[in-house]
Amino acid sequence: MFGMRLRIALAEKGIEYEYREEDLRNKSELLLKMNPVHKKIPVLIHNDKPVCESIIAVQYIDEVWNKKAPFLPSDPYQRAQARFWADYIDKKMYDAGRRVWSSKGDELEAAKKDFLEVLKVLEAELGDKPYFGGETFGFVDLAFIPFYCWFYAYESCGNFSVEAECPKLIAWANRCMEKENVAKSLADKQKVYEFVLQLRKVFGID
Amino acid sequence: MEEVKLLGTWSSPFSYRVLWALELKGIPYQYTEEDLYNKSPFLVKCNPVHKKIPVLVHGGKPICESMVILEYLDGPWPHNPLLPSDPYERAVARFWAKFADDKGTVIWTMFRSTGEEQKEAVKGSLEMLRTIEDLALGDKKFFGGERIGMVDLAFGALAHWLGVFEEIVGIRLLEPESFPRLHKWTKNFKEEPAIKENLPDKDKMLSNFRCLREKLLASP
């Protein structure tokens with residue numbers, strides 16, 4: 001879902017780019033050279049120089065291509081709030097979601113509870129705004145929306161419904177998905193679920 | 001000029017990141033020492049999500065998370081900037097600041113553990129220091145170049161807290177022979193007046209963290 005953030009960002013700014021799919025079990029020379037510290041994707045390469053970490057790369061894109069579709073607000077305080085919430089999403093969402101799909105029994109029940117708590121905090125922050133950024137799709141929306149294509153997998157593994165618990169969040173997600181740049185950048189939820197089922201087999205959960 | 005308040009604790013490197021930034025920029029502020037075992041209603045109101053320090057309150061509006069605060073400060077107070085102006089250099093600075101946050105915890109693990117867990121943490125800490133010396137600092141005086149910047153503040157714990165932890169657990173990580181450039185950086189960093197005049201007392205730290213380590217090792 002971290003790579004999807006960049007795809008949305010590049011599309012929003014109308015930037016043409018070459019995409020290279022990496023096999024994380026067989027990392028390319030280029031990936032290892034461009035991200036020697038973490039050896040992870042996504043990596044944005046601009047003028048042969050690498051920018052690693054998705055939230056950092058999104059900010060880089062926003063600062064370089066600054067004439068169109070700003071992601072971050074111009075007010076420093078609002079920018080700080082946006083960065084805070086992107087940081088919250090980074091700290092909480094991935095691990096909470098992973099615990100849901102990779103556990104069972106009591107551990108799964110605890111994981112579901114924690115996952116929904118994270119979603120509820122985010123839903124409260126969204127409030128009645130159409131987007132986290134306010135009237136327009138922005139930085140926090142961009143940071144969060146890729147997780148939406150994993151919701152189906154989480155719900156299926158955990159036997160729960162995000163919409164039942166956080167209807168405003170699902171309304172927000174649907175609003176984001178109406179944007180072509182978002183819809184075409186997210187993975188297919190069925191494919192994500194099948195991928196998760198494979199991972200569960202590999203980890204011996206199923 | 002709107003009032004600036006900093007909620008922090010005397011022994012936290014995260015708290016000091018913000019304090020140093022305020023001092024470097026010459027921003028007047030009111031400091032409040034928080035008791036993390038008895039959090040003030042004001043702290044909880046300012047940081048309901050994490051209930052942690054540091055919190056900067058500017059004109060009554062709270063900003064949380066030390067690195068978010070550091071990025072914020074360049075906005076209303078652009079002099080002595082903490083971040084470079086070039087977008088690529090900014091991305092590099094943000095990368096290392098994130099590295100400090102994400103990977104720095106291995107040193108805490110070394111401090112609060114024993115046996116195999118500690119051995120692994122020592123190995124991890126040395127690898128981390130190698131990456132920092134070779135890839136983040138290189139031959140520069142500061143991570144920020146000629147002047148202290150956001151990344152120097154992010155790595156500030158290495159300059160003062162690490163020595164305390166090393167003394168308590170009896171393991172030396174940051175040896176001058178192994179990490180000559182990083183070792184020199186710790187000296188340069190602590191010589192900067194804004195930093196030198198704002199460091200927690202070493203003996204107080206030794207006593208406090210020794211106590212804390214005993215507590216952590218005793219609990220299940």
# chains A, B, ... in the order shown; residues from 1 in each chain; ligands from 1
call {"tool": "residues_around", "arguments": {"residues": "B:Met128", "least_positions_apart": "3", "cutoff": "10 Å", "atoms": "only C-alpha atoms", "output": "short mmCIF file (atom, residue, chain, number, x, y, z; two decimals) with all heavy atoms, in the first residue's frame"}}
result
data_model
loop_
_atom_site.label_atom_id
_atom_site.label_comp_id
_atom_site.auth_asym_id
_atom_site.auth_seq_id
_atom_site.Cartn_x
_atom_site.Cartn_y
_atom_site.Cartn_z
N VAL A 37 19.99 1.26 2.64
CA VAL A 37 19.73 1.23 4.08
C VAL A 37 18.61 0.26 4.41
O VAL A 37 18.73 -0.58 5.30
CB VAL A 37 19.40 2.65 4.60
CG1 VAL A 37 19.02 2.61 6.06
CG2 VAL A 37 20.58 3.57 4.38
N PHE B 99 14.88 7.55 10.19
CA PHE B 99 15.78 6.47 10.55
C PHE B 99 16.11 6.55 12.04
O PHE B 99 16.07 5.54 12.75
CB PHE B 99 17.06 6.56 9.71
CG PHE B 99 18.07 5.48 9.99
CD1 PHE B 99 18.05 4.30 9.27
CD2 PHE B 99 19.05 5.65 10.96
CE1 PHE B 99 18.99 3.29 9.52
CE2 PHE B 99 19.99 4.66 11.22
CZ PHE B 99 19.95 3.48 10.50
N ALA B 100 16.39 7.76 12.52
CA ALA B 100 16.71 7.96 13.95
C ALA B 100 15.55 7.48 14.81
O ALA B 100 15.73 6.81 15.82
CB ALA B 100 17.01 9.42 14.24
N LYS B 103 14.89 3.33 14.01
CA LYS B 103 15.97 2.39 14.34
C LYS B 103 16.59 2.65 15.71
O LYS B 103 17.20 1.77 16.29
CB LYS B 103 17.08 2.46 13.27
CG LYS B 103 16.60 2.11 11.88
CD LYS B 103 16.19 0.67 11.76
CE LYS B 103 15.75 0.35 10.36
NZ LYS B 103 15.20 -1.00 10.26
N GLY B 104 16.44 3.88 16.20
CA GLY B 104 17.06 4.25 17.47
C GLY B 104 16.62 3.40 18.64
O GLY B 104 17.33 3.27 19.64
N VAL B 106 16.66 0.36 19.02
CA VAL B 106 17.52 -0.79 19.30
C VAL B 106 18.48 -0.48 20.47
O VAL B 106 18.85 -1.38 21.23
CB VAL B 106 18.28 -1.23 18.02
CG1 VAL B 106 19.33 -0.24 17.60
CG2 VAL B 106 18.88 -2.62 18.20
N ILE B 107 18.84 0.79 20.61
CA ILE B 107 19.71 1.17 21.73
C ILE B 107 18.95 1.05 23.05
O ILE B 107 19.48 0.61 24.07
CB ILE B 107 20.29 2.59 21.52
CG1 ILE B 107 21.25 2.55 20.33
CG2 ILE B 107 20.98 3.09 22.77
CD1 ILE B 107 21.98 3.84 20.06
N VAL B 122 22.91 -5.27 20.84
CA VAL B 122 24.25 -4.68 20.69
C VAL B 122 24.69 -4.78 19.23
O VAL B 122 25.17 -3.81 18.63
CB VAL B 122 25.28 -5.38 21.62
CG1 VAL B 122 26.69 -4.99 21.25
CG2 VAL B 122 25.00 -5.04 23.07
N LYS B 123 24.46 -5.96 18.66
CA LYS B 123 24.82 -6.18 17.24
C LYS B 123 24.06 -5.20 16.37
O LYS B 123 24.64 -4.53 15.51
CB LYS B 123 24.46 -7.63 16.89
CG LYS B 123 24.91 -8.11 15.53
CD LYS B 123 24.88 -9.65 15.45
CE LYS B 123 24.98 -10.12 14.01
NZ LYS B 123 23.69 -10.12 13.30
N GLY B 124 22.76 -5.08 16.62
CA GLY B 124 21.91 -4.17 15.86
C GLY B 124 22.34 -2.72 16.03
O GLY B 124 22.34 -1.93 15.08
N SER B 125 22.71 -2.36 17.25
CA SER B 125 23.14 -0.99 17.54
C SER B 125 24.42 -0.64 16.78
O SER B 125 24.55 0.45 16.22
CB SER B 125 23.37 -0.79 19.03
OG SER B 125 22.18 -0.97 19.76
N THR B 131 25.93 2.49 9.83
CA THR B 131 25.13 3.13 8.77
C THR B 131 25.13 4.64 8.95
O THR B 131 25.30 5.40 7.99
CB THR B 131 23.68 2.60 8.80
OG1 THR B 131 23.70 1.20 8.57
CG2 THR B 131 22.82 3.26 7.74
N ILE B 132 24.95 5.07 10.18
CA ILE B 132 24.90 6.52 10.45
C ILE B 132 26.23 7.17 10.11
O ILE B 132 26.28 8.20 9.42
CB ILE B 132 24.53 6.78 11.93
CG1 ILE B 132 23.12 6.30 12.23
CG2 ILE B 132 24.63 8.28 12.24
CD1 ILE B 132 22.77 6.28 13.72
N GLU B 133 27.33 6.56 10.55
CA GLU B 133 28.64 7.17 10.30
C GLU B 133 28.97 7.21 8.81
O GLU B 133 29.41 8.24 8.30
CB GLU B 133 29.73 6.39 11.04
CG GLU B 133 31.14 6.66 10.51
CD GLU B 133 32.18 6.96 11.55
OE1 GLU B 133 31.82 7.30 12.69
OE2 GLU B 133 33.37 6.86 11.22
#
call {"tool": "select_by_dssp", "arguments": {"residues": "stretch 5-130 of chain A", "states": "strand (DSSP E)", "output": "PyMOL selection string"}}
result
chain A and resi 43-46+49-52
call {"tool": "write_last_selection", "arguments": {"atoms": "N, CA and C atoms", "output": "PDB file, in the first residue's frame"}}
result
ATOM      1  N   VAL A  43      10.598   3.225  -4.021  1.00  0.00           N
ATOM      2  CA  VAL A  43      11.678   4.186  -4.206  1.00  0.00           C
ATOM      3  C   VAL A  43      11.332   5.030  -5.412  1.00  0.00           C
ATOM      4  N   LEU A  44      11.393   6.338  -5.229  1.00  0.00           N
ATOM      5  CA  LEU A  44      11.195   7.253  -6.344  1.00  0.00           C
ATOM      6  C   LEU A  44      12.581   7.654  -6.814  1.00  0.00           C
ATOM      7  N   ILE A  45      12.821   7.546  -8.111  1.00  0.00           N
ATOM      8  CA  ILE A  45      14.122   7.977  -8.636  1.00  0.00           C
ATOM      9  C   ILE A  45      13.882   9.166  -9.561  1.00  0.00           C
ATOM     10  N   HIS A  46      14.416  10.307  -9.208  1.00  0.00           N
ATOM     11  CA  HIS A  46      14.234  11.525  -9.990  1.00  0.00           C
ATOM     12  C   HIS A  46      15.606  12.073 -10.333  1.00  0.00           C
ATOM     13  N   LYS A  49      18.464  10.335  -8.757  1.00  0.00           N
ATOM     14  CA  LYS A  49      18.650  10.385  -7.303  1.00  0.00           C
ATOM     15  C   LYS A  49      17.454   9.761  -6.598  1.00  0.00           C
ATOM     16  N   PRO A  50      17.719   8.852  -5.639  1.00  0.00           N
ATOM     17  CA  PRO A  50      16.612   8.136  -5.002  1.00  0.00           C
ATOM     18  C   PRO A  50      15.982   8.912  -3.842  1.00  0.00           C
ATOM     19  N   VAL A  51      14.658   8.788  -3.743  1.00  0.00           N
ATOM     20  CA  VAL A  51      13.941   9.273  -2.568  1.00  0.00           C
ATOM     21  C   VAL A  51      13.216   8.073  -1.984  1.00  0.00           C
ATOM     22  N   CYS A  52      13.541   7.706  -0.760  1.00  0.00           N
ATOM     23  CA  CYS A  52      12.964   6.512  -0.130  1.00  0.00           C
ATOM     24  C   CYS A  52      11.981   6.918   0.962  1.00  0.00           C
TER      25      CYS A  52
END
call {"tool": "select_by_dssp", "arguments": {"residues": "stretch 33-195 of chain B", "states": "helix (DSSP H, G or I)", "output": "PyMOL selection string"}}
result
chain B and resi 41-46+66-73+87-103+105-112+115-137+150-154+156-169+180-191+193-195
call {"tool": "interface_residues", "arguments": {"of": "chain A", "to": "chain B", "cutoff": "7 Å", "atoms": "only C-alpha atoms", "output": "CSV table (one decimal) with N, CA and C atoms, in the first residue's frame"}}
result
chain,number,residue,atom,x,y,z
A,51,VAL,N,14.7,8.8,-3.7
A,51,VAL,CA,13.9,9.3,-2.6
A,51,VAL,C,13.2,8.1,-2.0
A,56,ILE,N,7.8,10.5,2.7
A,56,ILE,CA,8.9,11.5,2.4
A,56,ILE,C,8.8,11.7,0.9
A,60,TYR,N,8.2,15.2,-1.2
A,60,TYR,CA,9.2,15.6,-2.2
A,60,TYR,C,8.4,16.0,-3.5
A,63,GLU,N,6.7,19.2,-3.2
A,63,GLU,CA,7.5,20.4,-3.2
A,63,GLU,C,8.2,20.7,-4.5
A,64,VAL,N,8.5,19.7,-5.3
A,64,VAL,CA,9.1,19.9,-6.6
A,64,VAL,C,8.0,20.3,-7.6
A,76,PRO,N,1.3,26.7,8.2
A,76,PRO,CA,2.2,25.8,8.9
A,76,PRO,C,1.6,24.9,10.0
A,77,TYR,N,0.6,25.5,10.7
A,77,TYR,CA,-0.1,24.7,11.7
A,77,TYR,C,-0.9,23.6,11.1
A,80,ALA,N,1.4,20.9,10.1
A,80,ALA,CA,1.8,20.1,11.2
A,80,ALA,C,0.7,19.1,11.6
A,83,ARG,N,0.9,16.3,9.0
A,83,ARG,CA,2.0,15.4,9.2
A,83,ARG,C,1.8,14.5,10.4
A,84,PHE,N,1.2,15.1,11.5
A,84,PHE,CA,0.9,14.3,12.7
A,84,PHE,C,0.0,13.1,12.3
call {"tool": "residues_around", "arguments": {"residues": "B:Asn188", "least_positions_apart": "6", "cutoff": "10 Å", "atoms": "only C-alpha atoms", "output": "CSV table (one decimal) with N, CA, C and O atoms, in the first residue's frame"}}
result
chain,number,residue,atom,x,y,z
B,141,LYS,N,30.7,18.0,9.0
B,141,LYS,CA,30.9,18.4,10.4
B,141,LYS,C,29.6,18.0,11.2
B,141,LYS,O,29.7,17.5,12.3
B,142,PHE,N,28.5,18.4,10.6
B,142,PHE,CA,27.2,18.1,11.2
B,142,PHE,C,26.4,17.4,10.1
B,142,PHE,O,26.7,17.5,8.9
B,148,ILE,N,24.2,23.0,12.5
B,148,ILE,CA,23.3,22.0,13.1
B,148,ILE,C,22.0,22.1,12.5
B,148,ILE,O,21.4,23.2,12.3
B,159,ALA,N,24.6,11.7,21.3
B,159,ALA,CA,25.7,12.5,21.9
B,159,ALA,C,25.7,12.5,23.4
B,159,ALA,O,26.7,12.9,24.0
B,182,LEU,N,31.7,9.9,13.8
B,182,LEU,CA,30.5,10.1,14.7
B,182,LEU,C,31.0,10.5,16.0
B,182,LEU,O,30.3,11.4,16.7
B,195,ILE,N,23.3,23.8,22.7
B,195,ILE,CA,23.2,22.4,23.1
B,195,ILE,C,24.0,22.3,24.5
B,195,ILE,O,23.4,21.8,25.4
B,196,LYS,N,25.2,22.9,24.5
B,196,LYS,CA,26.0,22.8,25.7
B,196,LYS,C,25.3,23.2,27.0
B,196,LYS,O,25.4,22.6,28.0
call {"tool": "closest_residue", "arguments": {"among": "B:Ile27, B:Ala136, B:Met110, B:Leu7", "to": "B:Val44", "atoms": "only C-alpha atoms"}}
result
B:Leu7
call {"tool": "closest_residue", "arguments": {"among": "A:Lys179, A:Lys201, A:Lys113, A:Lys129", "to": "A:Glu12", "atoms": "only C-alpha atoms"}}
result
A:Lys179
call {"tool": "residues_around", "arguments": {"residues": "B:Asn80", "least_positions_apart": "3", "cutoff": "9 Å", "atoms": "only C-alpha atoms", "output": "list in words"}}
result
Leu24, Lys25, Asp74, Trp77, Arg147 and Gly149 of chain B
call {"tool": "write_last_selection", "arguments": {"atoms": "N, CA and C atoms", "output": "PDB file, in the first residue's frame"}}
result
ATOM      1  N   LEU B  24      18.163  27.141  19.573  1.00  0.00           N
ATOM      2  CA  LEU B  24      18.935  27.466  18.357  1.00  0.00           C
ATOM      3  C   LEU B  24      18.297  28.623  17.598  1.00  0.00           C
ATOM      4  N   LYS B  25      16.973  28.670  17.631  1.00  0.00           N
ATOM      5  CA  LYS B  25      16.268  29.731  16.917  1.00  0.00           C
ATOM      6  C   LYS B  25      16.039  30.961  17.802  1.00  0.00           C
ATOM      7  N   ASP B  74      10.207  25.877  11.497  1.00  0.00           N
ATOM      8  CA  ASP B  74      10.752  26.661  10.381  1.00  0.00           C
ATOM      9  C   ASP B  74       9.697  27.556   9.747  1.00  0.00           C
ATOM     10  N   TRP B  77       9.150  30.698  12.289  1.00  0.00           N
ATOM     11  CA  TRP B  77      10.486  31.216  12.614  1.00  0.00           C
ATOM     12  C   TRP B  77      11.502  30.709  11.593  1.00  0.00           C
ATOM     13  N   ARG B 147      26.196  23.645   9.581  1.00  0.00           N
ATOM     14  CA  ARG B 147      25.400  24.077  10.735  1.00  0.00           C
ATOM     15  C   ARG B 147      24.568  22.918  11.262  1.00  0.00           C
ATOM     16  N   GLY B 149      21.370  20.951  12.107  1.00  0.00           N
ATOM     17  CA  GLY B 149      20.038  20.933  11.503  1.00  0.00           C
ATOM     18  C   GLY B 149      19.156  19.897  12.178  1.00  0.00           C
TER      19      GLY B 149
END
call {"tool": "closest_residue", "arguments": {"among": "B:Lys202, B:Gly156, B:Leu6, B:Val55", "to": "B:Lys187", "atoms": "only C-alpha atoms"}}
result
B:Gly156
call {"tool": "residues_around", "arguments": {"residues": "A:Phe115", "least_positions_apart": "3", "cutoff": "10 Å", "atoms": "only C-alpha atoms", "output": "PyMOL selection string"}}
result
chain A and resi 92-100+109-112+118-120+154+162
call {"tool": "residues_around", "arguments": {"residues": "stretch 131-136 of chain A", "least_positions_apart": "3", "cutoff": "12 Å", "atoms": "only C-alpha atoms", "output": "JSON, numbers by chain"}}
result
{"A": [69, 70, 71, 72, 73, 74, 78, 79, 81, 82, 83, 85, 86, 122, 123, 124, 125, 126, 127, 128, 139, 140, 141, 142, 143, 144, 145, 168, 169, 170, 171, 172, 173, 174, 175, 176, 177, 179]}
call {"tool": "decode", "arguments": {"residues": "stretch 99-121 of chain A", "atoms": "N, CA and C atoms", "output": "short mmCIF file (atom, residue, chain, number, x, y, z; two decimals), in the first residue's frame"}}
result
data_model
loop_
_atom_site.label_atom_id
_atom_site.label_comp_id
_atom_site.auth_asym_id
_atom_site.auth_seq_id
_atom_site.Cartn_x
_atom_site.Cartn_y
_atom_site.Cartn_z
N ARG A 99 -1.83 -7.70 12.13
CA ARG A 99 -2.20 -8.58 13.25
C ARG A 99 -3.57 -9.22 12.99
N VAL A 100 -4.45 -8.49 12.32
CA VAL A 100 -5.78 -9.05 12.04
C VAL A 100 -5.66 -10.23 11.08
N TRP A 101 -4.93 -10.06 9.96
CA TRP A 101 -4.92 -11.14 8.97
C TRP A 101 -4.00 -12.28 9.36
N SER A 102 -3.09 -12.04 10.31
CA SER A 102 -2.11 -13.08 10.61
C SER A 102 -2.35 -13.79 11.93
N SER A 103 -3.54 -13.62 12.52
CA SER A 103 -3.78 -14.30 13.79
C SER A 103 -5.11 -15.02 13.80
N LYS A 104 -5.32 -15.83 14.86
CA LYS A 104 -6.63 -16.48 15.02
C LYS A 104 -6.94 -16.62 16.51
N GLY A 105 -8.16 -17.03 16.78
CA GLY A 105 -8.59 -17.25 18.16
C GLY A 105 -8.59 -15.97 18.97
N ASP A 106 -8.09 -16.08 20.22
CA ASP A 106 -8.08 -14.93 21.14
C ASP A 106 -7.22 -13.79 20.61
N GLU A 107 -6.11 -14.18 19.96
CA GLU A 107 -5.20 -13.17 19.42
C GLU A 107 -5.93 -12.33 18.35
N LEU A 108 -6.75 -13.02 17.56
CA LEU A 108 -7.51 -12.34 16.50
C LEU A 108 -8.51 -11.37 17.11
N GLU A 109 -9.19 -11.80 18.17
CA GLU A 109 -10.18 -10.93 18.80
C GLU A 109 -9.51 -9.65 19.32
N ALA A 110 -8.34 -9.82 19.94
CA ALA A 110 -7.60 -8.66 20.45
C ALA A 110 -7.16 -7.77 19.29
N ALA A 111 -6.71 -8.41 18.21
CA ALA A 111 -6.24 -7.66 17.04
C ALA A 111 -7.37 -6.84 16.42
N LYS A 112 -8.56 -7.44 16.33
CA LYS A 112 -9.73 -6.74 15.77
C LYS A 112 -10.07 -5.51 16.60
N LYS A 113 -10.04 -5.71 17.91
CA LYS A 113 -10.38 -4.61 18.83
C LYS A 113 -9.41 -3.44 18.62
N ASP A 114 -8.11 -3.76 18.57
CA ASP A 114 -7.10 -2.71 18.39
C ASP A 114 -7.24 -2.04 17.03
N PHE A 115 -7.49 -2.85 16.00
CA PHE A 115 -7.63 -2.32 14.64
C PHE A 115 -8.80 -1.35 14.56
N LEU A 116 -9.93 -1.74 15.14
CA LEU A 116 -11.12 -0.88 15.08
C LEU A 116 -10.91 0.40 15.91
N GLU A 117 -10.15 0.29 16.99
CA GLU A 117 -9.85 1.49 17.79
C GLU A 117 -9.10 2.50 16.96
N VAL A 118 -8.10 2.02 16.19
CA VAL A 118 -7.31 2.90 15.31
C VAL A 118 -8.24 3.56 14.29
N LEU A 119 -9.12 2.76 13.69
CA LEU A 119 -10.05 3.30 12.69
C LEU A 119 -10.96 4.35 13.31
N LYS A 120 -11.40 4.09 14.54
CA LYS A 120 -12.32 5.03 15.19
C LYS A 120 -11.64 6.36 15.48
N VAL A 121 -10.37 6.30 15.88
CA VAL A 121 -9.62 7.55 16.10
C VAL A 121 -9.56 8.35 14.80
#
